[in-house]
Amino acid sequence: MSLTKDRVMELETLCRRFRTDTIALLHRLQTGHAGGSLSVCEILTVLYMECANISVDNRCAPDRDRVVLSKGHAAPMLYRCLSEKGFFPLEELETLRQPGSRLQGHPSMGKTPGVELSTGPLGLGLSAGVGMACANRLQGNGACVFVVLGDGELDEGTVWEAAMAAAKFRCDRLIAIVDWNKVQLDGMTRDVMPMGDLRGKWSTFGWNVLECDGHDIAQLYDAIQTAKGLADGKPCVILANTVKGKGVSFMENTNLYHGKAIDDDEFSRAMLELEGAENA
Ligand SMILES: Cc1ncc(C[n+]2csc(CCOP(=O)(O)OP(=O)(O)O)c2C)c(N)n1
Ligand SMILES: [Mg+2]
């Protein structure tokens, strides 16, 4: 069953809040990764708020679902989602990237409640996800593992080694979601490393391939539910078409706001757009 219209609207409202909060936080703290955080907002929101069986109460249960943010630089949006789930207070986000904080610039599994894997060096998440999926199968617990990857991250050879292993081990409860925004740190992905036929690549590596609009809550939900239901011995990848910097016009489709802090003028202009969208 698809999400009701009301629930879609609730999640859209939540995403607008997450965007505003994240940009305000990054400006206050003068730190970065706005572009990749805005891009992955709906993907993480739908996973944490709707599709993945994850809560503070089941955080240690062996049969919980797991979300791995392999593109660990989008930690600000991950932390916003985890605080919404109650893993830590919203105010703790003010300690982002400070010495001694539990919320470092990249997710840390020993330190940050709700974080399943330490990431930051790109290319790690899918390999670990294969291991988690194999362990779940050995335990027969039916849990899902969701790995969120960047499209620039797909340049890492380890991703494709893991993709082959997932097919070999028939990890059909492993779902990769590619935040396919066509931009990476220092340019467009097609210029840095052309991927060619991305659907065909995953398919040739033995994966089911789905595609959706990665900012459309209803589409994301349907794709994830379809992926969960396939259970045909093949892992599944969802190619989620996204826009880097989504929601702030001058941050969209550019690498300029990948890592840099936002200045006062940029902040004012961004807030006009984001708060305008919130009040619309
Ligand atoms: C192994 C490794 N090499 C390089 C980097 C530096 N780096 C951080 S983010 C990034 C670009 C990632 O692009 P993409 O995966 O497309 O992320 P998004 O566009 O979603 O921000 C790079 C090269 C890194 N973190 N790890
Ligand atoms: Mg990208």
# chains A, B, ... in the order shown; residues from 1 in each chain; ligands from 1

$ residues_around --residues "Ser37 (chain A)" --least-positions-apart "2" --cutoff "7 Å" --atoms "only C-alpha atoms" --output "MDAnalysis selection string"
chainID A and resid 33:35 39:41 74 76:77

$ closest_atom_pairs --of "chain A" --to "ligand 1" --cutoff "10 Å" --atoms "only C-alpha atoms and all ligand atoms" --output "Markdown table"
| residue | atom | partner | partner_atom_place_in_ligand_line | distance |
| --- | --- | --- | --- | --- |
| A:His33 | CA | ligand 1 | 21 (O) | 7.2 |
| A:Ala34 | CA | ligand 1 | 21 (O) | 8.4 |
| A:Gly35 | CA | ligand 1 | 21 (O) | 6.1 |
| A:Gly36 | CA | ligand 1 | 21 (O) | 3.6 |
| A:Ser37 | CA | ligand 1 | 21 (O) | 7.1 |
| A:Leu38 | CA | ligand 1 | 20 (O) | 8.9 |
| A:Ser39 | CA | ligand 1 | 20 (O) | 6.5 |
| A:Val40 | CA | ligand 1 | 20 (O) | 7.0 |
| A:Ser70 | CA | ligand 1 | 15 (O) | 8.7 |
| A:Lys71 | CA | ligand 1 | 15 (O) | 5.9 |
| A:Gly72 | CA | ligand 1 | 25 (N) | 7.7 |
| A:His73 | CA | ligand 1 | 9 (S) | 6.0 |
| A:Ala74 | CA | ligand 1 | 21 (O) | 6.8 |
| A:His106 | CA | ligand 1 | 25 (N) | 9.3 |
| A:Thr119 | CA | ligand 1 | 25 (N) | 8.5 |
| A:Gly120 | CA | ligand 1 | 25 (N) | 5.1 |
| A:Pro121 | CA | ligand 1 | 26 (N) | 3.6 |
| A:Leu122 | CA | ligand 1 | 26 (N) | 4.0 |
| A:Gly123 | CA | ligand 1 | 1 (C) | 6.3 |
| A:Leu124 | CA | ligand 1 | 1 (C) | 8.4 |
| A:Val148 | CA | ligand 1 | 20 (O) | 9.4 |
| A:Leu149 | CA | ligand 1 | 15 (O) | 6.5 |
| A:Gly150 | CA | ligand 1 | 15 (O) | 3.2 |
| A:Asp151 | CA | ligand 1 | 16 (O) | 4.2 |
| A:Gly152 | CA | ligand 1 | 16 (O) | 3.4 |
| A:Glu153 | CA | ligand 1 | 15 (O) | 3.8 |
| A:Leu154 | CA | ligand 1 | 15 (O) | 6.8 |
| A:Asp155 | CA | ligand 1 | 15 (O) | 8.3 |
| A:Glu156 | CA | ligand 1 | 1 (C) | 7.1 |
| A:Gly157 | CA | ligand 1 | 1 (C) | 9.9 |
| A:Thr158 | CA | ligand 1 | 1 (C) | 9.7 |
| A:Val178 | CA | ligand 1 | 20 (O) | 8.6 |
| A:Asp179 | CA | ligand 1 | 20 (O) | 5.8 |
| A:Trp180 | CA | ligand 1 | 16 (O) | 7.2 |
| A:Asn181 | CA | ligand 1 | 19 (O) | 6.0 |
| A:Lys182 | CA | ligand 1 | 16 (O) | 6.7 |
| A:Val183 | CA | ligand 1 | 19 (O) | 5.0 |
| A:Gln184 | CA | ligand 1 | 13 (O) | 3.5 |
| A:Leu185 | CA | ligand 1 | 11 (C) | 4.0 |
| A:Asp186 | CA | ligand 1 | 11 (C) | 7.3 |
| A:Gly187 | CA | ligand 1 | 11 (C) | 9.0 |
| A:Met188 | CA | ligand 1 | 16 (O) | 8.5 |
| A:Thr189 | CA | ligand 1 | 16 (O) | 7.0 |
| A:Val192 | CA | ligand 1 | 23 (C) | 9.9 |
| A:Thr242 | CA | ligand 1 | 20 (O) | 9.0 |
| A:Val243 | CA | ligand 1 | 19 (O) | 8.7 |
| A:Lys244 | CA | ligand 1 | 19 (O) | 6.1 |
| A:Gly245 | CA | ligand 1 | 21 (O) | 8.9 |
| A:Asn253 | CA | ligand 1 | 19 (O) | 9.4 |
| A:Thr254 | CA | ligand 1 | 19 (O) | 9.2 |
| A:Asn255 | CA | ligand 1 | 19 (O) | 7.7 |
| A:Tyr257 | CA | ligand 1 | 21 (O) | 9.2 |
| A:His258 | CA | ligand 1 | 21 (O) | 6.1 |
| A:Gly259 | CA | ligand 1 | 9 (S) | 8.0 |

$ write_last_selection --atoms "C-alpha atoms" --output "mmCIF file, in the first residue's frame"
data_model
loop_
_atom_site.group_PDB
_atom_site.id
_atom_site.type_symbol
_atom_site.label_atom_id
_atom_site.label_comp_id
_atom_site.auth_asym_id
_atom_site.auth_seq_id
_atom_site.Cartn_x
_atom_site.Cartn_y
_atom_site.Cartn_z
ATOM 1 C CA HIS A 33 28.271 19.885 3.608
ATOM 2 C CA ALA A 34 25.070 21.753 2.822
ATOM 3 C CA GLY A 35 24.752 20.471 -0.762
ATOM 4 C CA GLY A 36 24.879 16.751 -0.002
ATOM 5 C CA SER A 37 22.693 17.172 3.088
ATOM 6 C CA LEU A 38 19.928 18.952 1.181
ATOM 7 C CA SER A 39 20.157 16.330 -1.552
ATOM 8 C CA VAL A 40 19.631 13.349 0.749
ATOM 9 C CA SER A 70 27.878 5.621 3.318
ATOM 10 C CA LYS A 71 28.155 9.226 2.047
ATOM 11 C CA GLY A 72 29.098 10.176 5.590
ATOM 12 C CA HIS A 73 29.707 13.856 4.815
ATOM 13 C CA ALA A 74 25.915 14.351 4.842
ATOM 14 C CA HIS A 106 31.287 12.361 9.932
ATOM 15 C CA THR A 119 31.750 6.524 7.557
ATOM 16 C CA GLY A 120 33.477 9.446 5.891
ATOM 17 C CA PRO A 121 36.042 7.687 3.748
ATOM 18 C CA LEU A 122 33.780 6.946 0.782
ATOM 19 C CA GLY A 123 33.276 3.390 -0.461
ATOM 20 C CA LEU A 124 32.937 1.615 2.881
ATOM 21 C CA VAL A 148 22.780 5.255 1.172
ATOM 22 C CA LEU A 149 25.517 6.053 -1.331
ATOM 23 C CA GLY A 150 26.553 9.189 -3.197
ATOM 24 C CA ASP A 151 26.873 9.019 -6.979
ATOM 25 C CA GLY A 152 30.433 10.355 -6.858
ATOM 26 C CA GLU A 153 31.084 7.677 -4.269
ATOM 27 C CA LEU A 154 30.423 5.089 -6.977
ATOM 28 C CA ASP A 155 33.887 5.941 -8.336
ATOM 29 C CA GLU A 156 35.282 3.877 -5.467
ATOM 30 C CA GLY A 157 36.231 0.360 -6.631
ATOM 31 C CA THR A 158 35.182 -1.082 -3.284
ATOM 32 C CA VAL A 178 22.039 6.054 -4.656
ATOM 33 C CA ASP A 179 21.625 9.792 -4.077
ATOM 34 C CA TRP A 180 21.957 10.397 -7.805
ATOM 35 C CA ASN A 181 22.500 14.165 -7.915
ATOM 36 C CA LYS A 182 25.050 14.099 -10.778
ATOM 37 C CA VAL A 183 27.477 16.309 -8.831
ATOM 38 C CA GLN A 184 30.347 15.452 -6.541
ATOM 39 C CA LEU A 185 32.998 17.385 -4.579
ATOM 40 C CA ASP A 186 34.784 19.171 -7.387
ATOM 41 C CA GLY A 187 32.490 18.973 -10.384
ATOM 42 C CA MET A 188 29.879 17.049 -12.290
ATOM 43 C CA THR A 189 30.166 13.280 -11.987
ATOM 44 C CA VAL A 192 35.113 13.536 -13.010
ATOM 45 C CA THR A 242 18.092 14.114 -6.797
ATOM 46 C CA VAL A 243 19.405 17.668 -6.969
ATOM 47 C CA LYS A 244 22.490 18.592 -5.004
ATOM 48 C CA GLY A 245 21.582 21.587 -2.822
ATOM 49 C CA ASN A 253 23.190 21.526 -9.253
ATOM 50 C CA THR A 254 26.585 22.886 -8.257
ATOM 51 C CA ASN A 255 29.546 21.622 -6.287
ATOM 52 C CA TYR A 257 28.294 24.299 -1.609
ATOM 53 C CA HIS A 258 29.693 20.812 -1.188
ATOM 54 C CA GLY A 259 31.914 21.614 1.762
#

$ closest_residue --among "A:Ala240, A:Arg64, A:Ala280, A:Glu275" --to "ligand 2" --atoms "only C-alpha atoms and all ligand atoms"
A:Ala240

$ closest_residue --among "A:Asn53, A:Asn241, A:Thr13, A:Asn136" --to "ligand 2" --atoms "only C-alpha atoms and all ligand atoms"
A:Asn241

$ closest_residue --among "A:Trp202, A:Arg190, A:Glu161, A:Pro99" --to "ligand 2" --atoms "only C-alpha atoms and all ligand atoms"
A:Arg190

$ residues_around --residues "Lys168 (chain A)" --least-positions-apart "6" --cutoff "12 Å" --atoms "only C-alpha atoms" --output "MDAnalysis selection string"
chainID A and resid 130 134 161:162 205:207 233:235

$ write_last_selection --atoms "C-alpha atoms" --output "PDB file, in the first residue's frame"
ATOM      1  CA  VAL A 130      26.819  -6.960   2.767  1.00  0.00           C
ATOM      2  CA  CYS A 134      24.673 -11.955   5.579  1.00  0.00           C
ATOM      3  CA  GLU A 161      33.511  -5.352  -5.159  1.00  0.00           C
ATOM      4  CA  ALA A 162      30.732  -5.174  -2.590  1.00  0.00           C
ATOM      5  CA  PHE A 205      26.447  -6.848 -11.377  1.00  0.00           C
ATOM      6  CA  GLY A 206      23.392  -8.975 -10.530  1.00  0.00           C
ATOM      7  CA  TRP A 207      21.167  -6.393  -8.855  1.00  0.00           C
ATOM      8  CA  GLY A 233      17.631 -13.731  -4.121  1.00  0.00           C
ATOM      9  CA  LYS A 234      19.007 -10.514  -5.632  1.00  0.00           C
ATOM     10  CA  PRO A 235      19.998  -7.299  -3.851  1.00  0.00           C
TER      11      PRO A 235
END

$ closest_residue --among "A:Ser108, A:Ile54, A:Ala135, A:Ile43" --to "Ile177 (chain A)" --atoms "only C-alpha atoms"
A:Ile43

$ closest_residue --among "A:Met193, A:Val248, A:Leu90, A:Ala261" --to "ligand 2" --atoms "only C-alpha atoms and all ligand atoms"
A:Met193

$ residues_around --residues "Ala143 (chain A)" --least-positions-apart "4" --cutoff "10 Å" --atoms "only C-alpha atoms" --output "list in words"
Ala52, Asn53, Pro62, Asp63, Arg64, Asp65, Arg66, Met132, Ala133, Ala135, Asn136, Arg137, Gln139, Arg173, Leu174 and Lys228 of chain A

$ write_last_selection --atoms "C-alpha atoms" --output "CSV table (one decimal), in the first residue's frame"
chain,number,residue,atom,x,y,z
A,52,ALA,CA,13.0,1.2,8.4
A,53,ASN,CA,12.2,-0.5,11.6
A,62,PRO,CA,19.6,-7.9,16.6
A,63,ASP,CA,16.6,-7.9,14.2
A,64,ARG,CA,16.4,-4.1,13.8
A,65,ASP,CA,16.7,-2.7,10.3
A,66,ARG,CA,19.9,-0.8,9.7
A,132,MET,CA,25.2,-7.1,8.0
A,133,ALA,CA,22.8,-8.6,5.5
A,135,ALA,CA,24.6,-11.9,9.4
A,136,ASN,CA,20.9,-11.2,9.3
A,137,ARG,CA,20.3,-14.1,7.0
A,139,GLN,CA,20.1,-15.4,12.1
A,173,ARG,CA,17.3,-7.9,2.1
A,174,LEU,CA,20.1,-5.5,1.2
A,228,LYS,CA,11.6,-4.9,0.3

$ closest_residue --among "A:Leu274, A:Asp172, A:Arg28, A:Leu198" --to "Thr226 (chain A)" --atoms "only C-alpha atoms"
A:Asp172

$ residues_around --residues "Leu11 (chain A)" --least-positions-apart "2" --cutoff "9 Å" --atoms "only C-alpha atoms" --output "ChimeraX atom specification"
/A:6-9,13-16,42,45-46,49,217

$ write_last_selection --atoms "C-alpha atoms" --output "PDB file, in the first residue's frame"
ATOM      1  CA  ASP A   6      -1.932  13.211   4.506  1.00  0.00           C
ATOM      2  CA  ARG A   7       1.167  11.284   5.513  1.00  0.00           C
ATOM      3  CA  VAL A   8       3.003  12.435   2.398  1.00  0.00           C
ATOM      4  CA  MET A   9       2.154  16.028   3.315  1.00  0.00           C
ATOM      5  CA  THR A  13       6.492  19.456   6.006  1.00  0.00           C
ATOM      6  CA  LEU A  14       9.114  17.641   8.054  1.00  0.00           C
ATOM      7  CA  CYS A  15      11.592  17.840   5.173  1.00  0.00           C
ATOM      8  CA  ARG A  16      11.069  21.592   4.855  1.00  0.00           C
ATOM      9  CA  GLU A  42      13.860  12.984   1.559  1.00  0.00           C
ATOM     10  CA  THR A  45      13.405  11.091   6.064  1.00  0.00           C
ATOM     11  CA  VAL A  46      11.426   8.348   4.323  1.00  0.00           C
ATOM     12  CA  MET A  49      10.262   8.062   9.568  1.00  0.00           C
ATOM     13  CA  ILE A 217       8.187  11.176  -0.806  1.00  0.00           C
TER      14      ILE A 217
END

$ atom_distance --atom1 "CA of Thr204 (chain A)" --atom2 "CA of Phe169 (chain A)"
15.5 Å

$ decode --residues "region 252-280 of chain A" --atoms "C-alpha atoms" --output "JSON list (two decimals), in the first residue's frame"
[["chain", "number", "residue", "atom", "x", "y", "z"],
["A", 252, "GLU", "CA", 21.27, 23.56, -6.67],
["A", 253, "ASN", "CA", 23.19, 21.53, -9.25],
["A", 254, "THR", "CA", 26.59, 22.89, -8.26],
["A", 255, "ASN", "CA", 29.55, 21.62, -6.29],
["A", 256, "LEU", "CA", 30.17, 25.11, -4.81],
["A", 257, "TYR", "CA", 28.29, 24.30, -1.61],
["A", 258, "HIS", "CA", 29.69, 20.81, -1.19],
["A", 259, "GLY", "CA", 31.91, 21.61, 1.76],
["A", 260, "LYS", "CA", 32.22, 25.33, 2.32],
["A", 261, "ALA", "CA", 30.57, 27.31, 5.10],
["A", 262, "ILE", "CA", 27.69, 29.63, 4.18],
["A", 263, "ASP", "CA", 28.32, 33.37, 4.61],
["A", 264, "ASP", "CA", 25.80, 35.85, 6.03],
["A", 265, "ASP", "CA", 24.50, 37.03, 2.67],
["A", 266, "GLU", "CA", 24.06, 33.48, 1.38],
["A", 267, "PHE", "CA", 22.34, 32.57, 4.61],
["A", 268, "SER", "CA", 19.81, 35.41, 4.33],
["A", 269, "ARG", "CA", 19.01, 34.51, 0.74],
["A", 270, "ALA", "CA", 18.71, 30.80, 1.59],
["A", 271, "MET", "CA", 16.39, 31.49, 4.52],
["A", 272, "LEU", "CA", 14.11, 33.64, 2.40],
["A", 273, "GLU", "CA", 13.60, 30.68, 0.08],
["A", 274, "LEU", "CA", 13.39, 27.97, 2.75],
["A", 275, "GLU", "CA", 11.13, 29.86, 5.12],
["A", 276, "GLY", "CA", 9.04, 31.01, 2.16],
["A", 277, "ALA", "CA", 8.57, 27.34, 1.25],
["A", 278, "GLU", "CA", 7.75, 26.48, 4.85],
["A", 279, "ASN", "CA", 5.07, 29.16, 5.08],
["A", 280, "ALA", "CA", 3.62, 28.54, 1.61]]
